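What's in final06.cif: mmCIF, C-alpha atoms, pLDDT in the B column; chains and numbers go by the auth columns
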```cif
data_target
#
loop_
_atom_site.group_PDB
_atom_site.id
_atom_site.type_symbol
_atom_site.label_atom_id
_atom_site.label_comp_id
_atom_site.label_asym_id
_atom_site.label_seq_id
_atom_site.Cartn_x
_atom_site.Cartn_y
_atom_site.Cartn_z
_atom_site.B_iso_or_equiv
_atom_site.auth_seq_id
_atom_site.auth_asym_id
ATOM 1 C CA MET A 1 -48.630 -34.830 65.629 43.00 1 A
ATOM 2 C CA ALA A 2 -47.730 -31.147 65.788 42.00 2 A
ATOM 3 C CA ARG A 3 -44.094 -32.103 66.391 45.00 3 A
ATOM 4 C CA LYS A 4 -44.154 -34.286 63.281 40.00 4 A
ATOM 5 C CA ARG A 5 -45.621 -31.439 61.209 41.00 5 A
ATOM 6 C CA MET A 6 -42.906 -29.102 62.418 43.00 6 A
ATOM 7 C CA GLY A 7 -40.267 -31.647 61.404 47.00 7 A
ATOM 8 C CA VAL A 8 -41.759 -31.949 57.934 37.00 8 A
ATOM 9 C CA ALA A 9 -41.856 -28.152 57.556 42.00 9 A
ATOM 10 C CA ARG A 10 -38.198 -27.907 58.540 50.00 10 A
ATOM 11 C CA GLY A 11 -37.287 -30.601 56.039 46.00 11 A
ATOM 12 C CA VAL A 12 -39.160 -28.839 53.243 38.00 12 A
ATOM 13 C CA THR A 13 -37.477 -25.529 54.108 44.00 13 A
ATOM 14 C CA VAL A 14 -34.012 -27.090 54.050 41.00 14 A
ATOM 15 C CA ALA A 15 -34.775 -28.756 50.705 39.00 15 A
ATOM 16 C CA VAL A 16 -35.923 -25.450 49.174 38.00 16 A
ATOM 17 C CA VAL A 17 -32.750 -23.686 50.429 40.00 17 A
ATOM 18 C CA LEU A 18 -30.553 -26.430 48.984 36.00 18 A
ATOM 19 C CA ILE A 19 -32.331 -26.248 45.606 38.00 19 A
ATOM 20 C CA VAL A 20 -31.933 -22.442 45.401 41.00 20 A
ATOM 21 C CA VAL A 21 -28.256 -22.598 46.381 41.00 21 A
ATOM 22 C CA GLY A 22 -27.668 -25.394 43.855 46.00 22 A
ATOM 23 C CA GLN A 23 -29.291 -23.423 41.063 42.00 23 A
ATOM 24 C CA HIS A 24 -27.053 -20.408 41.764 47.00 24 A
ATOM 25 C CA ALA A 25 -23.955 -22.614 41.790 45.00 25 A
ATOM 26 C CA VAL A 26 -24.868 -24.248 38.455 38.00 26 A
ATOM 27 C CA ALA A 27 -25.541 -20.847 36.881 44.00 27 A
ATOM 28 C CA ALA A 28 -22.154 -19.563 38.063 46.00 28 A
ATOM 29 C CA ASP A 29 -20.420 -22.617 36.631 49.00 29 A
ATOM 30 C CA LEU A 30 -22.137 -22.126 33.278 40.00 30 A
ATOM 31 C CA VAL A 31 -21.067 -18.459 33.100 42.00 31 A
ATOM 32 C CA GLN A 32 -17.489 -19.362 33.959 50.00 32 A
ATOM 33 C CA ALA A 33 -17.437 -22.165 31.382 43.00 33 A
ATOM 34 C CA ALA A 34 -18.751 -19.839 28.684 44.00 34 A
ATOM 35 C CA SER A 35 -16.002 -17.315 29.406 47.00 35 A
ATOM 36 C CA VAL A 36 -13.153 -19.852 29.189 46.00 36 A
ATOM 37 C CA PRO A 37 -12.151 -21.091 25.673 47.00 37 A
ATOM 38 C CA GLN A 38 -12.509 -24.814 25.311 48.00 38 A
ATOM 39 C CA ALA A 39 -9.435 -26.904 24.637 46.00 39 A
ATOM 40 C CA GLY A 40 -8.606 -27.008 20.951 47.00 40 A
ATOM 41 C CA ALA A 41 -10.636 -23.876 20.119 44.00 41 A
ATOM 42 C CA LEU A 42 -8.864 -21.387 17.809 51.00 42 A
ATOM 43 C CA VAL A 43 -8.374 -17.907 19.215 52.00 43 A
ATOM 44 C CA THR A 44 -7.658 -15.367 16.447 59.00 44 A
ATOM 45 C CA GLU A 45 -6.313 -11.934 17.266 72.00 45 A
ATOM 46 C CA ALA A 46 -7.496 -8.868 15.414 80.00 46 A
ATOM 47 C CA PRO A 47 -4.847 -7.937 12.801 84.00 47 A
ATOM 48 C CA SER A 48 -2.693 -4.870 13.317 95.00 48 A
ATOM 49 C CA PRO A 49 -3.628 -1.880 11.125 98.00 49 A
ATOM 50 C CA TRP A 50 0.002 -1.690 9.897 98.00 50 A
ATOM 51 C CA GLN A 51 1.258 -3.555 6.845 98.00 51 A
ATOM 52 C CA ILE A 52 4.438 -3.371 4.767 98.00 52 A
ATOM 53 C CA ARG A 53 5.383 -4.709 1.343 98.00 53 A
ATOM 54 C CA LEU A 54 8.750 -5.144 -0.347 98.00 54 A
ATOM 55 C CA ARG A 55 8.604 -5.400 -4.131 98.00 55 A
ATOM 56 C CA ALA A 56 10.781 -5.621 -7.202 98.00 56 A
ATOM 57 C CA LEU A 57 9.451 -2.806 -9.361 98.00 57 A
ATOM 58 C CA GLY A 58 9.623 -2.398 -13.119 98.00 58 A
ATOM 59 C CA VAL A 59 9.397 1.251 -14.231 97.00 59 A
ATOM 60 C CA ILE A 60 8.156 1.516 -17.819 98.00 60 A
ATOM 61 C CA THR A 61 8.105 5.102 -19.044 97.00 61 A
ATOM 62 C CA GLY A 62 6.124 6.660 -21.843 94.00 62 A
ATOM 63 C CA ASP A 63 8.385 7.934 -24.640 93.00 63 A
ATOM 64 C CA SER A 64 7.017 11.397 -25.223 96.00 64 A
ATOM 65 C CA GLY A 65 7.925 15.031 -24.693 97.00 65 A
ATOM 66 C CA TYR A 66 9.167 18.041 -26.577 97.00 66 A
ATOM 67 C CA VAL A 67 11.466 21.044 -26.587 98.00 67 A
ATOM 68 C CA ASN A 68 9.633 24.321 -26.953 97.00 68 A
ATOM 69 C CA ALA A 69 10.242 26.200 -30.226 93.00 69 A
ATOM 70 C CA VAL A 70 11.804 23.096 -31.850 96.00 70 A
ATOM 71 C CA PRO A 71 9.216 21.613 -34.254 97.00 71 A
ATOM 72 C CA GLY A 72 9.229 17.828 -34.471 97.00 72 A
ATOM 73 C CA SER A 73 11.275 17.396 -31.300 97.00 73 A
ATOM 74 C CA ASP A 74 10.587 14.338 -29.164 98.00 74 A
ATOM 75 C CA LEU A 75 12.077 12.554 -26.161 98.00 75 A
ATOM 76 C CA SER A 76 12.487 8.991 -24.909 98.00 76 A
ATOM 77 C CA TYR A 77 13.495 7.592 -21.516 98.00 77 A
ATOM 78 C CA SER A 78 15.108 4.415 -20.223 97.00 78 A
ATOM 79 C CA ASP A 79 13.107 1.749 -18.369 98.00 79 A
ATOM 80 C CA THR A 80 14.491 0.389 -15.093 97.00 80 A
ATOM 81 C CA VAL A 81 13.989 -2.215 -12.369 97.00 81 A
ATOM 82 C CA THR A 82 14.364 -1.123 -8.745 97.00 82 A
ATOM 83 C CA PRO A 83 13.430 -2.237 -5.201 97.00 83 A
ATOM 84 C CA GLU A 84 10.429 -0.561 -3.582 97.00 84 A
ATOM 85 C CA LEU A 85 9.028 -0.349 -0.062 98.00 85 A
ATOM 86 C CA ASP A 86 5.484 0.575 0.802 97.00 86 A
ATOM 87 C CA ILE A 87 3.818 1.160 4.160 98.00 87 A
ATOM 88 C CA SER A 88 0.052 0.760 4.580 98.00 88 A
ATOM 89 C CA TYR A 89 -2.322 1.706 7.395 98.00 89 A
ATOM 90 C CA PHE A 90 -5.811 0.186 7.542 98.00 90 A
ATOM 91 C CA PHE A 91 -8.502 2.518 8.905 98.00 91 A
ATOM 92 C CA THR A 92 -11.049 -0.297 8.511 97.00 92 A
ATOM 93 C CA ASP A 93 -10.972 -3.788 6.984 96.00 93 A
ATOM 94 C CA ASN A 94 -11.707 -2.186 3.603 98.00 94 A
ATOM 95 C CA ILE A 95 -10.125 1.285 3.651 98.00 95 A
ATOM 96 C CA ALA A 96 -6.353 1.805 3.783 98.00 96 A
ATOM 97 C CA ALA A 97 -3.738 4.419 2.924 98.00 97 A
ATOM 98 C CA GLU A 98 -0.472 3.379 1.262 98.00 98 A
ATOM 99 C CA LEU A 99 2.800 5.337 1.059 98.00 99 A
ATOM 100 C CA VAL A 100 5.172 4.095 -1.660 96.00 100 A
ATOM 101 C CA LEU A 101 8.907 4.736 -1.315 96.00 101 A
ATOM 102 C CA GLY A 102 11.535 4.027 -3.944 96.00 102 A
ATOM 103 C CA THR A 103 14.026 5.689 -6.241 97.00 103 A
ATOM 104 C CA THR A 104 15.301 5.076 -9.755 97.00 104 A
ATOM 105 C CA TYR A 105 16.905 6.896 -12.674 97.00 105 A
ATOM 106 C CA ALA A 106 16.031 7.774 -16.259 97.00 106 A
ATOM 107 C CA ASN A 107 18.270 8.448 -19.235 98.00 107 A
ATOM 108 C CA ILE A 108 16.805 11.163 -21.456 98.00 108 A
ATOM 109 C CA ASP A 109 17.404 10.783 -25.185 98.00 109 A
ATOM 110 C CA GLY A 110 16.553 13.116 -28.026 98.00 110 A
ATOM 111 C CA GLN A 111 14.181 11.834 -30.708 97.00 111 A
ATOM 112 C CA GLY A 112 12.618 13.255 -33.855 97.00 112 A
ATOM 113 C CA THR A 113 14.310 16.418 -35.085 97.00 113 A
ATOM 114 C CA ILE A 114 16.667 16.395 -32.065 97.00 114 A
ATOM 115 C CA GLY A 115 17.585 12.729 -32.441 97.00 115 A
ATOM 116 C CA GLY A 116 21.138 13.755 -33.297 96.00 116 A
ATOM 117 C CA LEU A 117 21.677 14.858 -29.706 97.00 117 A
ATOM 118 C CA GLY A 118 21.570 11.255 -28.512 97.00 118 A
ATOM 119 C CA LYS A 119 21.665 11.056 -24.718 98.00 119 A
ATOM 120 C CA ILE A 120 20.796 14.528 -23.449 98.00 120 A
ATOM 121 C CA GLY A 121 21.279 13.644 -19.780 98.00 121 A
ATOM 122 C CA LYS A 122 20.467 11.392 -16.853 98.00 122 A
ATOM 123 C CA VAL A 123 18.311 12.178 -13.814 98.00 123 A
ATOM 124 C CA TRP A 124 17.450 10.339 -10.623 98.00 124 A
ATOM 125 C CA LEU A 125 13.848 10.343 -9.403 96.00 125 A
ATOM 126 C CA LEU A 126 12.399 10.080 -5.907 97.00 126 A
ATOM 127 C CA PRO A 127 8.639 9.699 -6.444 95.00 127 A
ATOM 128 C CA PRO A 128 6.852 9.190 -3.080 96.00 128 A
ATOM 129 C CA THR A 129 3.236 8.292 -3.821 98.00 129 A
ATOM 130 C CA LEU A 130 0.294 8.307 -1.404 98.00 130 A
ATOM 131 C CA THR A 131 -2.855 6.412 -2.377 98.00 131 A
ATOM 132 C CA LEU A 132 -6.184 5.755 -0.702 98.00 132 A
ATOM 133 C CA GLN A 133 -7.234 2.146 -1.288 98.00 133 A
ATOM 134 C CA TYR A 134 -10.371 0.043 -1.157 98.00 134 A
ATOM 135 C CA HIS A 135 -9.721 -3.618 -0.259 98.00 135 A
ATOM 136 C CA PHE A 136 -12.215 -6.357 -1.150 98.00 136 A
ATOM 137 C CA THR A 137 -12.491 -8.828 1.741 95.00 137 A
ATOM 138 C CA ASN A 138 -14.983 -11.446 0.524 95.00 138 A
ATOM 139 C CA PHE A 139 -12.540 -13.660 -1.411 97.00 139 A
ATOM 140 C CA GLY A 140 -10.771 -15.429 1.447 96.00 140 A
ATOM 141 C CA ALA A 141 -6.978 -15.393 1.179 97.00 141 A
ATOM 142 C CA PHE A 142 -7.199 -13.548 -2.165 98.00 142 A
ATOM 143 C CA LYS A 143 -7.477 -9.830 -1.346 98.00 143 A
ATOM 144 C CA PRO A 144 -7.711 -7.516 -4.377 98.00 144 A
ATOM 145 C CA TYR A 145 -7.686 -3.735 -4.061 98.00 145 A
ATOM 146 C CA VAL A 146 -7.920 -0.524 -6.081 98.00 146 A
ATOM 147 C CA GLY A 147 -6.538 2.872 -5.229 98.00 147 A
ATOM 148 C CA ALA A 148 -6.023 6.460 -6.322 98.00 148 A
ATOM 149 C CA GLY A 149 -3.857 9.231 -4.986 98.00 149 A
ATOM 150 C CA VAL A 150 -1.146 11.786 -5.547 98.00 150 A
ATOM 151 C CA ASN A 151 2.537 11.654 -6.406 97.00 151 A
ATOM 152 C CA TYR A 152 5.272 14.229 -5.872 98.00 152 A
ATOM 153 C CA THR A 153 8.445 13.491 -7.819 98.00 153 A
ATOM 154 C CA ILE A 154 11.799 14.977 -6.848 98.00 154 A
ATOM 155 C CA PHE A 155 14.530 14.998 -9.505 98.00 155 A
ATOM 156 C CA TYR A 156 18.109 14.923 -8.215 98.00 156 A
ATOM 157 C CA ASN A 157 21.664 14.080 -9.301 98.00 157 A
ATOM 158 C CA GLN A 158 20.977 15.484 -12.744 98.00 158 A
ATOM 159 C CA ASP A 159 23.888 14.833 -15.105 97.00 159 A
ATOM 160 C CA VAL A 160 24.327 16.101 -18.646 97.00 160 A
ATOM 161 C CA GLY A 161 25.180 14.165 -21.789 97.00 161 A
ATOM 162 C CA SER A 162 25.087 16.128 -25.011 97.00 162 A
ATOM 163 C CA ALA A 163 23.482 19.065 -23.213 97.00 163 A
ATOM 164 C CA ASP A 164 25.507 21.797 -21.489 97.00 164 A
ATOM 165 C CA ALA A 165 23.035 22.025 -18.593 98.00 165 A
ATOM 166 C CA LEU A 166 19.842 20.232 -17.567 98.00 166 A
ATOM 167 C CA ASP A 167 17.301 21.023 -14.871 98.00 167 A
ATOM 168 C CA VAL A 168 14.142 18.868 -14.637 98.00 168 A
ATOM 169 C CA LYS A 169 11.628 20.477 -12.281 98.00 169 A
ATOM 170 C CA ASP A 170 10.011 18.694 -9.322 98.00 170 A
ATOM 171 C CA THR A 171 6.308 18.175 -9.925 98.00 171 A
ATOM 172 C CA PHE A 172 3.020 16.736 -8.673 98.00 172 A
ATOM 173 C CA GLY A 173 1.065 14.070 -10.513 97.00 173 A
ATOM 174 C CA ALA A 174 -1.971 11.824 -10.106 98.00 174 A
ATOM 175 C CA ALA A 175 -1.693 8.085 -9.443 98.00 175 A
ATOM 176 C CA LEU A 176 -4.022 5.124 -10.090 98.00 176 A
ATOM 177 C CA GLN A 177 -3.502 1.637 -8.672 98.00 177 A
ATOM 178 C CA VAL A 178 -4.791 -1.933 -8.833 98.00 178 A
ATOM 179 C CA GLY A 179 -3.363 -5.053 -7.232 98.00 179 A
ATOM 180 C CA PHE A 180 -3.866 -7.956 -4.883 98.00 180 A
ATOM 181 C CA ASP A 181 -2.391 -9.732 -1.880 98.00 181 A
ATOM 182 C CA TYR A 182 -2.611 -13.492 -1.490 98.00 182 A
ATOM 183 C CA MET A 183 -2.176 -14.281 2.207 97.00 183 A
ATOM 184 C CA VAL A 184 -0.552 -17.615 3.063 97.00 184 A
ATOM 185 C CA ASP A 185 -1.181 -17.094 6.790 96.00 185 A
ATOM 186 C CA GLN A 186 -2.287 -14.323 9.172 94.00 186 A
ATOM 187 C CA HIS A 187 0.899 -12.286 8.605 96.00 187 A
ATOM 188 C CA TRP A 188 2.632 -13.282 5.356 98.00 188 A
ATOM 189 C CA GLY A 189 1.499 -13.032 1.774 98.00 189 A
ATOM 190 C CA VAL A 190 2.562 -12.367 -1.812 98.00 190 A
ATOM 191 C CA ASN A 191 1.661 -9.213 -3.698 98.00 191 A
ATOM 192 C CA PHE A 192 1.234 -8.049 -7.284 98.00 192 A
ATOM 193 C CA ASP A 193 0.639 -4.366 -7.951 98.00 193 A
ATOM 194 C CA VAL A 194 0.280 -2.033 -10.952 98.00 194 A
ATOM 195 C CA LYS A 195 0.336 1.764 -10.747 98.00 195 A
ATOM 196 C CA LYS A 196 0.025 4.449 -13.380 98.00 196 A
ATOM 197 C CA LEU A 197 1.638 7.822 -12.629 98.00 197 A
ATOM 198 C CA PHE A 198 0.684 10.878 -14.651 97.00 198 A
ATOM 199 C CA LEU A 199 4.012 12.678 -14.584 97.00 199 A
ATOM 200 C CA LYS A 200 4.869 15.548 -16.944 97.00 200 A
ATOM 201 C CA PRO A 201 7.644 17.714 -15.481 98.00 201 A
ATOM 202 C CA ASP A 202 8.927 20.884 -17.122 98.00 202 A
ATOM 203 C CA PHE A 203 12.649 21.209 -17.765 98.00 203 A
ATOM 204 C CA ASP A 204 15.301 23.761 -18.709 98.00 204 A
ATOM 205 C CA VAL A 205 18.123 22.663 -20.985 98.00 205 A
ATOM 206 C CA THR A 206 21.111 24.390 -22.544 97.00 206 A
ATOM 207 C CA VAL A 207 22.485 22.986 -25.804 96.00 207 A
ATOM 208 C CA ASP A 208 25.427 24.612 -27.620 95.00 208 A
ATOM 209 C CA GLY A 209 24.875 27.737 -25.530 95.00 209 A
ATOM 210 C CA ALA A 210 21.175 28.003 -26.431 96.00 210 A
ATOM 211 C CA LYS A 211 18.841 28.026 -23.437 97.00 211 A
ATOM 212 C CA LEU A 212 15.657 26.082 -24.112 97.00 212 A
ATOM 213 C CA THR A 213 12.640 24.815 -22.199 98.00 213 A
ATOM 214 C CA GLY A 214 10.369 21.842 -22.660 98.00 214 A
ATOM 215 C CA LYS A 215 8.180 19.168 -21.121 98.00 215 A
ATOM 216 C CA ALA A 216 9.066 15.526 -20.411 98.00 216 A
ATOM 217 C CA ALA A 217 5.976 13.296 -20.547 97.00 217 A
ATOM 218 C CA LEU A 218 7.287 10.372 -18.478 97.00 218 A
ATOM 219 C CA ASP A 219 3.876 8.961 -17.421 97.00 219 A
ATOM 220 C CA PRO A 220 5.389 5.677 -16.144 97.00 220 A
ATOM 221 C CA TRP A 221 3.748 2.349 -15.437 98.00 221 A
ATOM 222 C CA LEU A 222 5.003 0.856 -12.170 98.00 222 A
ATOM 223 C CA ILE A 223 4.625 -2.938 -12.184 98.00 223 A
ATOM 224 C CA GLY A 224 5.695 -4.682 -8.990 98.00 224 A
ATOM 225 C CA ALA A 225 5.706 -8.099 -7.326 98.00 225 A
ATOM 226 C CA GLY A 226 6.904 -9.030 -3.874 98.00 226 A
ATOM 227 C CA VAL A 227 6.028 -10.024 -0.332 98.00 227 A
ATOM 228 C CA THR A 228 3.488 -8.661 2.145 98.00 228 A
ATOM 229 C CA TYR A 229 3.756 -8.633 5.932 98.00 229 A
ATOM 230 C CA ARG A 230 0.794 -7.693 8.149 97.00 230 A
ATOM 231 C CA PHE A 231 1.777 -6.953 11.737 96.00 231 A
#
```
Rewritten as structure tokens:
Amino acid sequence: MARKRMGVARGVTVAVVLIVVGQHAVAADLVQAASVPQAGALVTEAPSPWQIRLRALGVITGDSGYVNAVPGSDLSYSDTVTPELDISYFFTDNIAAELVLGTTYANIDGQGTIGGLGKIGKVWLLPPTLTLQYHFTNFGAFKPYVGAGVNYTIFYNQDVGSADALDVKDTFGAALQVGFDYMVDQHWGVNFDVKKLFLKPDFDVTVDGAKLTGKAALDPWLIGAGVTYRF
């Protein structure tokens, strides 16, 4: 009888050990299964913070300005279309900084009481613009944004027309921005963007030997459309 009881006790002990070991094995399998993506599951990588855009940019200037000490003087400028590259860095999903790079030219024409001068000269502009943007992320593939920042415009290759000499001064200006990206996949999208630059450089001009000064109120609208690539 005692021998039978001992046999039963051994059997119960073995059963308990097997149950405990089995429970640990099942738990380990469950942890491993949870850590391995199931077949067919989509694994999305976090997007890179870097993004670039290439746009065709229309530069529409404001026709305003004056020559000091010449009452009724006015100025107008040519509009242009030019390629533009911008580089963006996302600090968060919503906050980004954008650096805009491009160059174009402007013909400067006399208007008003100096209209007889015709084309006064031609200048090239390099207007790098840095904006801080807020991106709205709750519209799916449609990603609108607004921005504001600063512009520093460099004037170079300044040629004269009716003037004897022309020197448009480099200057700072404010910039406002609104636009959107429409992403067709994780990396590629299309972009539409509008910026307003507040740009009023001073200039020196010599006409018929008379040295004059003035202000060119360019204040251009920059309207662009192109492609977006998010790394």
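Within the 10 Å cut-off around A:Leu166, using all atoms listed in the file and omitting residues fewer than 6 positions from it on the same chain, the listed residues are Ile120, Gly121, Lys122, Val123, Gln158, Asp159, Val160, Phe203, Asp204, Val205, Thr206, Val207, Lys211, Leu212 and Thr213 of chain A.
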Give as a list in words the residues that the PyMOL selection byres ((chain A and resi 139-148) around 9) matches when applied to the coordinates above.
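In the shown coordinates, the PyMOL selection byres ((chain A and resi 139-148) around 9) covers Asn94, Ala97, Glu98, Leu130, Thr131, Leu132, Gln133, Tyr134, His135, Phe136, Thr137, Asn138, Gly149, Val150, Ala174, Ala175, Leu176, Gln177, Val178, Gly179, Phe180, Asp181, Tyr182, Met183, Val184, Asp185, Gly189 and Lys195 of chain A.
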Same residues, C-alpha atoms, output as a compact mmCIF listing (two decimals), keeping the file's coordinate frame:
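Result saved to out_30.txt:
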```
# COMPACT_ATOMS: atom_id res chain seq x y z
CA ASN A 94 -11.71 -2.19 3.60
CA ALA A 97 -3.74 4.42 2.92
CA GLU A 98 -0.47 3.38 1.26
CA LEU A 130 0.29 8.31 -1.40
CA THR A 131 -2.86 6.41 -2.38
CA LEU A 132 -6.18 5.76 -0.70
CA GLN A 133 -7.23 2.15 -1.29
CA TYR A 134 -10.37 0.04 -1.16
CA HIS A 135 -9.72 -3.62 -0.26
CA PHE A 136 -12.22 -6.36 -1.15
CA THR A 137 -12.49 -8.83 1.74
CA ASN A 138 -14.98 -11.45 0.52
CA GLY A 149 -3.86 9.23 -4.99
CA VAL A 150 -1.15 11.79 -5.55
CA ALA A 174 -1.97 11.82 -10.11
CA ALA A 175 -1.69 8.09 -9.44
CA LEU A 176 -4.02 5.12 -10.09
CA GLN A 177 -3.50 1.64 -8.67
CA VAL A 178 -4.79 -1.93 -8.83
CA GLY A 179 -3.36 -5.05 -7.23
CA PHE A 180 -3.87 -7.96 -4.88
CA ASP A 181 -2.39 -9.73 -1.88
CA TYR A 182 -2.61 -13.49 -1.49
CA MET A 183 -2.18 -14.28 2.21
CA VAL A 184 -0.55 -17.61 3.06
CA ASP A 185 -1.18 -17.09 6.79
CA GLY A 189 1.50 -13.03 1.77
CA LYS A 195 0.34 1.76 -10.75
```
Give me the residues within 7 Å of A:Thr153 as number ranges by chain, counting only C-alpha atoms and dropping any in the same chain fewer than 6 places off.
A: 125-128, 170-172
Prev. selection, C-alpha atoms, output as a short mmCIF file (atom, residue, chain, number, x, y, z; two decimals), in the frame of the given file:
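Writing the result to again_0.cif gives the following:
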```cif
data_model
loop_
_atom_site.label_atom_id
_atom_site.label_comp_id
_atom_site.auth_asym_id
_atom_site.auth_seq_id
_atom_site.Cartn_x
_atom_site.Cartn_y
_atom_site.Cartn_z
CA LEU A 125 13.85 10.34 -9.40
CA LEU A 126 12.40 10.08 -5.91
CA PRO A 127 8.64 9.70 -6.44
CA PRO A 128 6.85 9.19 -3.08
CA ASP A 170 10.01 18.69 -9.32
CA THR A 171 6.31 18.18 -9.93
CA PHE A 172 3.02 16.74 -8.67
#
```
Stretch 82-90 of chain A surroundings by all atoms listed in the file, 7 Å radius, close-in-sequence under 5 positions cut, as an MDAnalysis selection string
chainID A and resid 49:58 95:102 104
Using all atoms listed in the file for the distances, tell me which of A:Val59, A:Val190, A:Leu218, A:Val168 is nearest to A:Asp202.
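Going through A:Val59, A:Val190, A:Leu218, A:Val168 one by one, the smallest distance to A:Asp202 is for A:Val168.
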Using atom CA of A:Gly118 and atom CA of A:Gly72 as the two end points, give the distance in Å to one decimal.
15.2 Å
Separation of atom CA of A:Asp109 from atom CA of A:Gly173 in Å:
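Value for the atom CA of A:Gly173-atom CA of A:Asp109 distance: 22.2 Å.
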Please enumerate the residues selected by the PyMOL selection byres ((chain A and resi 68) around 10) when evaluated against the supplied file, formatted as a PDB file with C-alpha atoms, in the coordinates of the input.
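So the final result, stored in selection.pdb, reads:
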```pdb
ATOM      1  CA  GLY A  65       7.925  15.031 -24.693  1.00 97.00           C
ATOM      2  CA  TYR A  66       9.167  18.041 -26.577  1.00 97.00           C
ATOM      3  CA  VAL A  67      11.466  21.044 -26.587  1.00 98.00           C
ATOM      4  CA  ALA A  69      10.242  26.200 -30.226  1.00 93.00           C
ATOM      5  CA  VAL A  70      11.804  23.096 -31.850  1.00 96.00           C
ATOM      6  CA  PRO A  71       9.216  21.613 -34.254  1.00 97.00           C
ATOM      7  CA  GLY A  72       9.229  17.828 -34.471  1.00 97.00           C
ATOM      8  CA  SER A  73      11.275  17.396 -31.300  1.00 97.00           C
ATOM      9  CA  LEU A 212      15.657  26.082 -24.112  1.00 97.00           C
ATOM     10  CA  THR A 213      12.640  24.815 -22.199  1.00 98.00           C
ATOM     11  CA  GLY A 214      10.369  21.842 -22.660  1.00 98.00           C
ATOM     12  CA  LYS A 215       8.180  19.168 -21.121  1.00 98.00           C
TER      13      LYS A 215
END
```
Write out as AutoDock Vina command-line options an axis-aligned box for stretch 129-137 of chain A: all of its atoms listed in the file, 6 Å added on each side, centre and edge lengths in Å with one decimal.
```
--center_x -4.6 --center_y -0.3 --center_z -1.0 --size_x 27.7 --size_y 29.1 --size_z 17.6
```
Mind pulling up the distance from atom CA of A:Asp208 to atom CA of A:Thr80?
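Between these atoms lies a distance of 29.4 Å.
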